[in-house]
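Just work_39.txt here, compact mmCIF, C-alpha atoms and all ligand atoms:
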```
# COMPACT_ATOMS: atom_id res chain seq x y z
CA MET B 102 -14.58 59.66 211.36
CA ILE B 103 -17.02 62.48 210.73
CA PHE B 104 -19.19 63.63 213.61
CA LYS B 105 -22.20 65.93 213.39
CA ALA B 106 -21.97 68.85 215.81
CA ASP B 107 -24.54 71.50 216.71
CA LEU B 108 -22.66 73.64 219.20
CA HIS B 109 -25.25 76.29 220.00
CA ILE B 110 -28.37 75.17 221.86
CA HIS B 111 -30.35 76.99 224.57
CA SER B 112 -32.17 75.25 227.42
CA VAL B 113 -34.94 76.33 229.79
CA LEU B 114 -32.28 78.33 231.62
CA SER B 115 -32.30 80.93 228.84
CA PRO B 116 -35.30 83.24 229.26
CA CYS B 117 -35.93 82.97 225.51
CA GLY B 118 -35.50 79.18 225.54
CA ASP B 119 -38.77 77.24 225.25
CA LEU B 120 -39.97 75.53 228.44
CA GLU B 121 -39.79 72.24 226.55
CA MET B 122 -36.00 72.66 226.31
CA SER B 123 -35.04 70.50 229.28
CA PRO B 124 -31.61 68.84 229.08
CA SER B 125 -33.23 65.41 228.70
CA ALA B 126 -35.53 66.58 225.87
CA ILE B 127 -32.58 68.27 224.12
CA ILE B 128 -30.50 65.08 224.27
CA ALA B 129 -33.40 62.96 223.02
CA GLU B 130 -33.92 65.28 220.05
CA ALA B 131 -30.18 65.48 219.31
CA LYS B 132 -30.01 61.71 219.27
CA SER B 133 -33.03 61.36 217.02
CA LYS B 134 -31.49 63.88 214.59
CA GLY B 135 -28.25 61.91 214.47
CA LEU B 136 -26.13 64.56 216.20
CA ASN B 137 -23.01 63.23 217.91
CA ILE B 138 -21.88 66.44 219.61
CA ILE B 139 -23.90 69.35 220.97
CA GLY B 140 -23.04 72.52 222.83
CA ILE B 141 -25.21 73.72 225.71
CA SER B 142 -24.85 77.47 225.52
CA ASP B 143 -27.38 79.32 227.63
CA HIS B 144 -27.17 83.07 227.91
CA ASN B 145 -24.56 84.03 230.52
CA SER B 146 -24.98 80.84 232.54
CA THR B 147 -23.59 77.32 232.52
CA ARG B 148 -25.95 75.92 235.14
CA ASN B 149 -27.80 73.37 232.97
CA ALA B 150 -24.77 72.19 231.03
CA LEU B 151 -23.45 69.52 233.38
CA VAL B 152 -26.82 67.82 233.70
CA ALA B 153 -27.08 67.74 229.91
CA SER B 154 -23.57 66.27 229.75
CA LYS B 155 -24.49 63.49 232.18
CA ILE B 156 -27.63 62.59 230.22
CA GLY B 157 -25.62 62.83 227.01
CA GLN B 158 -23.05 60.33 228.31
CA LYS B 159 -25.81 57.75 228.76
CA ASN B 160 -27.10 58.38 225.24
CA ASP B 161 -23.91 58.61 223.25
CA VAL B 162 -24.20 62.35 222.68
CA PHE B 163 -21.08 64.32 223.63
CA VAL B 164 -21.95 67.63 225.31
CA LEU B 165 -19.70 70.66 225.29
CA CYS B 166 -20.48 72.56 228.49
CA GLY B 167 -20.46 76.33 228.47
CA ALA B 168 -22.48 79.46 227.85
CA GLU B 169 -23.24 82.09 225.25
CA VAL B 170 -21.89 85.17 226.96
CA THR B 171 -23.01 88.72 226.12
CA THR B 172 -19.98 90.98 226.40
CA LYS B 173 -19.96 94.66 227.34
CA GLU B 174 -19.97 95.45 223.59
CA GLU B 175 -23.10 93.26 223.28
CA VAL B 176 -21.30 90.65 221.23
CA HIS B 177 -22.46 87.07 221.85
CA CYS B 178 -19.64 84.56 222.30
CA LEU B 179 -19.75 80.80 222.79
CA CYS B 180 -17.46 79.76 225.65
CA PHE B 181 -16.89 76.08 226.47
CA MET B 182 -14.96 74.57 229.36
CA PRO B 183 -12.93 71.34 229.37
CA ASP B 184 -14.14 69.86 232.68
CA GLU B 185 -16.28 70.26 235.77
CA ASN B 186 -13.75 72.32 237.74
CA THR B 187 -13.12 74.88 235.01
CA LEU B 188 -16.87 75.06 234.35
CA LEU B 189 -17.43 75.93 237.99
CA GLU B 190 -14.62 78.46 237.92
CA PHE B 191 -16.08 80.02 234.77
CA GLN B 192 -19.52 80.19 236.39
CA ASN B 193 -17.96 81.96 239.40
CA PHE B 194 -16.38 84.40 236.97
CA LEU B 195 -19.77 85.05 235.33
CA ASP B 196 -21.41 85.46 238.76
CA SER B 197 -18.87 88.19 239.56
CA LYS B 198 -19.59 90.03 236.29
CA TYR B 199 -23.39 90.16 236.29
CA ILE B 200 -24.95 93.61 236.36
CA PHE B 201 -28.05 92.78 238.40
CA PHE B 202 -31.38 93.37 236.69
CA GLN B 203 -34.39 91.53 238.09
CA ASN B 204 -35.86 89.08 235.59
CA ASP B 205 -39.59 89.34 234.99
CA PRO B 206 -40.58 85.84 233.84
CA ASP B 207 -43.87 87.07 232.35
CA LYS B 208 -42.00 89.51 230.17
CA PHE B 209 -38.72 87.72 229.36
CA GLY B 210 -39.38 84.08 230.24
CA TYR B 211 -38.38 81.69 233.01
CA GLN B 212 -34.73 80.93 233.77
CA LEU B 213 -34.83 77.43 235.21
CA VAL B 214 -32.09 75.13 236.47
CA VAL B 215 -33.31 71.53 236.30
CA ASP B 216 -32.03 68.09 237.22
CA GLU B 217 -31.83 64.89 235.17
CA ASP B 218 -35.50 64.12 235.87
CA GLU B 219 -36.71 67.58 234.83
CA ASN B 220 -37.32 68.73 238.41
CA ILE B 221 -36.76 72.47 238.85
CA VAL B 222 -33.91 72.93 241.32
CA ASP B 223 -33.31 76.67 240.99
CA GLN B 224 -34.54 79.79 239.27
CA ILE B 225 -32.11 82.59 238.35
CA ASP B 226 -33.12 86.10 239.44
CA THR B 227 -30.87 88.30 237.36
CA LEU B 228 -31.90 88.64 233.72
CA LEU B 229 -29.39 86.52 231.83
CA ILE B 230 -29.67 88.08 228.38
CA ASN B 231 -28.11 91.40 229.41
CA ALA B 232 -24.46 92.26 228.87
CA ILE B 233 -22.04 91.29 231.63
CA ASP B 234 -19.39 93.68 232.90
CA CYS B 235 -16.58 92.29 230.74
CA GLY B 236 -15.30 93.22 227.29
CA ILE B 237 -14.79 90.66 224.53
CA GLU B 238 -10.99 90.60 224.78
CA ASP B 239 -11.03 90.09 228.56
CA LEU B 240 -13.64 87.37 228.16
CA GLN B 241 -11.50 85.58 225.58
CA LYS B 242 -8.47 85.82 227.88
CA LYS B 243 -10.46 84.32 230.75
CA VAL B 244 -11.70 81.46 228.57
CA TYR B 245 -8.15 80.66 227.39
CA GLU B 246 -6.77 80.97 230.93
CA LEU B 247 -9.21 78.15 231.78
CA ASN B 248 -8.11 76.22 228.68
CA GLY B 249 -11.54 76.60 227.09
CA ILE B 250 -12.89 76.97 223.57
CA PHE B 251 -13.92 80.45 222.39
CA ILE B 252 -16.17 81.04 219.37
CA PRO B 253 -17.74 84.43 218.59
CA ALA B 254 -21.39 83.56 217.86
CA HIS B 255 -23.46 84.15 214.71
CA VAL B 256 -20.99 86.70 213.33
CA ASP B 257 -23.28 87.32 210.34
CA LYS B 258 -26.26 88.46 212.39
CA PRO B 259 -27.31 92.11 212.27
CA ARG B 260 -27.56 92.13 216.10
CA PHE B 261 -25.32 90.99 218.96
CA SER B 262 -22.45 89.94 216.70
CA LEU B 263 -18.88 90.90 215.83
CA SER B 264 -20.07 92.31 212.50
CA SER B 265 -22.94 94.33 213.98
CA GLN B 266 -21.26 95.64 217.15
CA LEU B 267 -17.62 96.04 216.15
CA VAL B 268 -17.74 95.69 212.32
CA PHE B 269 -14.23 94.24 212.46
CA ILE B 270 -12.43 91.45 214.30
CA PRO B 271 -10.22 93.00 217.04
CA GLU B 272 -6.59 92.49 216.10
CA ASN B 273 -5.58 90.71 219.28
CA LEU B 274 -8.69 88.57 219.61
CA LYS B 275 -7.98 84.84 219.52
CA PHE B 276 -10.67 82.28 218.80
CA ASP B 277 -11.08 78.64 217.82
CA ALA B 278 -13.57 79.37 215.04
CA LEU B 279 -16.26 81.85 214.12
CA GLU B 280 -19.89 80.82 214.06
CA LEU B 281 -22.29 81.50 211.21
CA SER B 282 -26.05 81.41 211.70
CA LYS B 283 -28.29 79.41 209.40
CA TYR B 284 -29.13 82.66 207.59
CA ALA B 285 -25.55 83.49 206.57
CA GLU B 286 -25.79 81.89 203.17
CA LYS B 287 -29.02 83.66 202.28
CA ASN B 288 -27.62 87.03 203.40
CA ASN B 289 -24.43 86.58 201.35
CA PHE B 290 -22.56 87.44 204.53
CA LEU B 291 -19.15 86.24 203.40
CA GLN B 292 -19.39 88.17 200.14
CA ASN B 293 -20.49 91.33 201.94
CA PHE B 294 -17.94 91.03 204.78
CA SER B 295 -15.13 89.51 202.78
CA TRP B 296 -12.45 90.11 205.44
CA PHE B 297 -14.25 87.60 207.67
CA SER B 298 -13.96 84.90 205.05
CA LEU B 299 -10.29 84.10 205.79
CA ASN B 300 -11.39 82.40 209.00
CA ARG B 301 -12.68 78.98 209.95
CA PHE B 302 -16.43 78.75 210.43
CA ILE B 303 -18.88 76.48 212.14
CA THR B 304 -22.62 76.65 211.57
CA SER B 305 -25.04 76.01 214.41
CA SER B 306 -28.78 76.10 214.95
CA ASP B 307 -28.94 78.49 217.95
CA ALA B 308 -31.97 76.39 218.86
CA HIS B 309 -34.48 77.82 221.32
CA TYR B 310 -37.17 75.25 220.43
CA ILE B 311 -36.92 71.46 220.17
CA PRO B 312 -37.55 71.21 216.39
CA ASP B 313 -34.71 73.72 215.71
CA ILE B 314 -32.05 71.39 217.13
CA GLY B 315 -29.76 70.09 214.40
CA THR B 316 -31.48 71.98 211.56
CA VAL B 317 -27.94 73.03 210.68
CA TYR B 318 -24.72 71.55 212.02
CA THR B 319 -20.96 71.32 211.44
CA GLU B 320 -19.16 68.15 210.40
CA LEU B 321 -16.05 67.63 212.53
CA GLU B 322 -13.42 65.02 211.82
CA MET B 323 -11.80 63.17 214.71
CA GLU B 324 -11.23 59.70 216.14
CA THR B 325 -13.70 59.96 218.96
CA PRO B 326 -15.48 62.97 220.50
CA SER B 327 -13.63 64.60 223.40
CA PHE B 328 -12.98 68.19 224.37
CA GLU B 329 -9.40 68.13 223.05
CA ASN B 330 -10.38 66.33 219.85
CA ILE B 331 -13.11 68.88 219.19
CA ARG B 332 -10.61 71.70 219.72
CA SER B 333 -8.24 70.09 217.20
CA ALA B 334 -11.05 69.38 214.75
CA LEU B 335 -12.06 73.06 214.84
CA LYS B 336 -8.47 73.95 213.86
CA ASN B 337 -8.76 71.68 210.84
CA ILE B 338 -11.93 73.15 209.41
CA LYS B 339 -11.14 74.44 205.95
CA PRO B 340 -11.72 78.16 205.40
CA ARG B 341 -14.55 78.78 202.93
ZN ZN Y 1 -26.85 84.94 220.33
ZN ZN Y 2 -27.95 81.77 221.16
```

What do you get writing this file as structure tokens?
Amino acid sequence: MIFKADLHIHSVLSPCGDLEMSPSAIIAEAKSKGLNIIGISDHNSTRNALVASKIGQKNDVFVLCGAEVTTKEEVHCLCFMPDENTLLEFQNFLDSKYIFFQNDPDKFGYQLVVDEDENIVDQIDTLLINAIDCGIEDLQKKVYELNGIFIPAHVDKPRFSLSSQLVFIPENLKFDALELSKYAEKNNFLQNFSWFSLNRFITSSDAHYIPDIGTVYTELEMETPSFENIRSALKNIKPR
């Protein structure tokens, strides 16, 4: 069967994420758009992912839990974990790699952890959009050590991407797919960076606002959505 997946969505935990982006509102919108699988990928934090996953379970939306991590090189990477324990371990890893910089909510936005009923349970002090103290190759190794999924984000973007920060794909870097933004087609990215085009790509919305969710998505083929099936389905995406 074909499942619609939008693997890059920010919640109210991302300073740039709209305050409407509660896990329950995200799931409701995903469902109304006919998405079967979403990724909760807040900047440098996984703390709203599990709640989204629980709400998703009740609504037939499978949630990949993880974060969009900003590496030392300022490359954004989607990192997803297979279960609650590895998610916690990955969060501990992120906690140990933050370079503390006080968030100013008026300037950058609120960073809110919420529960299933949209109650605020925590607010993160350190600004989450900054780079963490970890390079892209070490981050990838950590994600694979935890048996996760690793996808360099929006590789076509002129900021915070493999193409903008490193120009090339590091030789030893492993990944499950590369992500294209919804602008990749318009920018002729794959024609301009032809050496990227040998890879497998997903396309995601990188939604920060409710209406953005599912505006683009990737079709993944599998029996039924699960972490392992998604990993396999990513391997079977045909290169463009
Ligand atoms: Zn990004
Ligand atoms: Zn993003």

Selected residue, from B:Asn193, B:Asn289, B:Thr171, B:Asn204, that lies nearest to ligand ZN 2 (chain Y) when counting only C-alpha atoms and all ligand atoms: B:Thr171

Selection: 9 Å around Leu120 of chain B, all atoms listed in the file, excl. self and same-chain fewer than 5 positions, as a list of chain:residue names: B:Ser112, B:Val113, B:Leu114, B:Gly210, B:Tyr211, B:Leu213, B:Tyr310

Considering only C-alpha atoms and all ligand atoms, give me a table of residues in chain B that are at most 9 Å from ligand ZN 2 (chain Y), with the closest atom pair and distance in Å for each, as JSON lines.
```
{"residue": "B:His109", "atom": "CA", "partner": "Y:ZN2", "partner_atom": "ZN", "distance": 6.2}
{"residue": "B:Ile110", "atom": "CA", "partner": "Y:ZN2", "partner_atom": "ZN", "distance": 6.7}
{"residue": "B:His111", "atom": "CA", "partner": "Y:ZN2", "partner_atom": "ZN", "distance": 6.3}
{"residue": "B:Ser115", "atom": "CA", "partner": "Y:ZN2", "partner_atom": "ZN", "distance": 8.9}
{"residue": "B:Ser142", "atom": "CA", "partner": "Y:ZN2", "partner_atom": "ZN", "distance": 6.9}
{"residue": "B:Asp143", "atom": "CA", "partner": "Y:ZN2", "partner_atom": "ZN", "distance": 6.9}
{"residue": "B:His144", "atom": "CA", "partner": "Y:ZN2", "partner_atom": "ZN", "distance": 6.9}
{"residue": "B:Ala168", "atom": "CA", "partner": "Y:ZN2", "partner_atom": "ZN", "distance": 8.9}
{"residue": "B:Glu169", "atom": "CA", "partner": "Y:ZN2", "partner_atom": "ZN", "distance": 6.2}
{"residue": "B:His177", "atom": "CA", "partner": "Y:ZN2", "partner_atom": "ZN", "distance": 7.7}
{"residue": "B:Cys178", "atom": "CA", "partner": "Y:ZN2", "partner_atom": "ZN", "distance": 8.8}
{"residue": "B:Leu179", "atom": "CA", "partner": "Y:ZN2", "partner_atom": "ZN", "distance": 8.4}
{"residue": "B:Ala254", "atom": "CA", "partner": "Y:ZN2", "partner_atom": "ZN", "distance": 7.6}
{"residue": "B:His255", "atom": "CA", "partner": "Y:ZN2", "partner_atom": "ZN", "distance": 8.2}
{"residue": "B:Ser306", "atom": "CA", "partner": "Y:ZN2", "partner_atom": "ZN", "distance": 8.4}
{"residue": "B:Asp307", "atom": "CA", "partner": "Y:ZN2", "partner_atom": "ZN", "distance": 4.7}
{"residue": "B:Ala308", "atom": "CA", "partner": "Y:ZN2", "partner_atom": "ZN", "distance": 7.1}
{"residue": "B:His309", "atom": "CA", "partner": "Y:ZN2", "partner_atom": "ZN", "distance": 7.6}
```

Pick out the residues sitting within 7 Å of segment 278-288 of chain B, and hand them over as a compact mmCIF listing (two decimals) with C-alpha atoms, in the coordinates of the input; count only C-alpha atoms, and ignore anything fewer than 4 positions along from it in its own chain.
```txt
# COMPACT_ATOMS: atom_id res chain seq x y z
CA ILE B 252 -16.17 81.04 219.37
CA PRO B 253 -17.74 84.43 218.59
CA ALA B 254 -21.39 83.56 217.86
CA HIS B 255 -23.46 84.15 214.71
CA VAL B 256 -20.99 86.70 213.33
CA ASP B 257 -23.28 87.32 210.34
CA ARG B 301 -12.68 78.98 209.95
CA PHE B 302 -16.43 78.75 210.43
CA ILE B 303 -18.88 76.48 212.14
CA THR B 304 -22.62 76.65 211.57
CA SER B 305 -25.04 76.01 214.41
CA SER B 306 -28.78 76.10 214.95
CA VAL B 317 -27.94 73.03 210.68
CA LEU B 335 -12.06 73.06 214.84
```

Nearest to Gly140 of chain B, chosen from B:Ala126, B:Ile233, B:Ile311, B:Ile250, with all atoms listed in the file counted in the distances: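 Selected residue with least distance to Gly140 of chain B: B:Ile250.
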
Residue nearest Leu108 of chain B among B:Asn137, B:Ile270, B:Lys155, B:Ser333 (counting only C-alpha atoms):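 Nearest to Leu108 of chain B: B:Asn137.
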
Å distance separating atom CA of Phe328 of chain B from atom CA of Pro183 of chain B, one decimal place: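 For atom CA of Phe328 of chain B relative to atom CA of Pro183 of chain B, the distance reads 5.9 Å.
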
Residue among B:Ile230, B:Lys173, B:Asp277, B:Ile221 lying closest to ligand ZN 1 (chain Y), counting only C-alpha atoms and all ligand atoms: B:Ile230

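Atom pair atom CA of Phe294 of chain B / atom CA of Thr316 of chain B has a distance of 24.3 Å (rounded to one decimal).
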
Straight-line distance linking atom CA of Phe194 of chain B with atom CA of Pro116 of chain B, stated in Å to one decimal: 20.5 Å

Shortest interatomic distance to ligand ZN 1 (chain Y) - which of B:Ile331, B:Cys117, B:Val244, B:Val215, counting all atoms listed in the file: B:Cys117

Surrounding residues of Ala106 of chain B excluding itself and chain neighbours under 4 positions, 7 Å, all atoms listed in the file, as a list in words: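 In the requested format, the answer is Leu136, Asn137, Ile138, Ile139, Tyr318, Thr319, Glu320 and Leu321 of chain B.
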
Closest of B:Asp205, B:Asp196, B:Glu246, B:Glu324 to Met182 of chain B - atom-to-atom distances counting only C-alpha atoms: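 Smallest distance to Met182 of chain B is found for B:Glu246.
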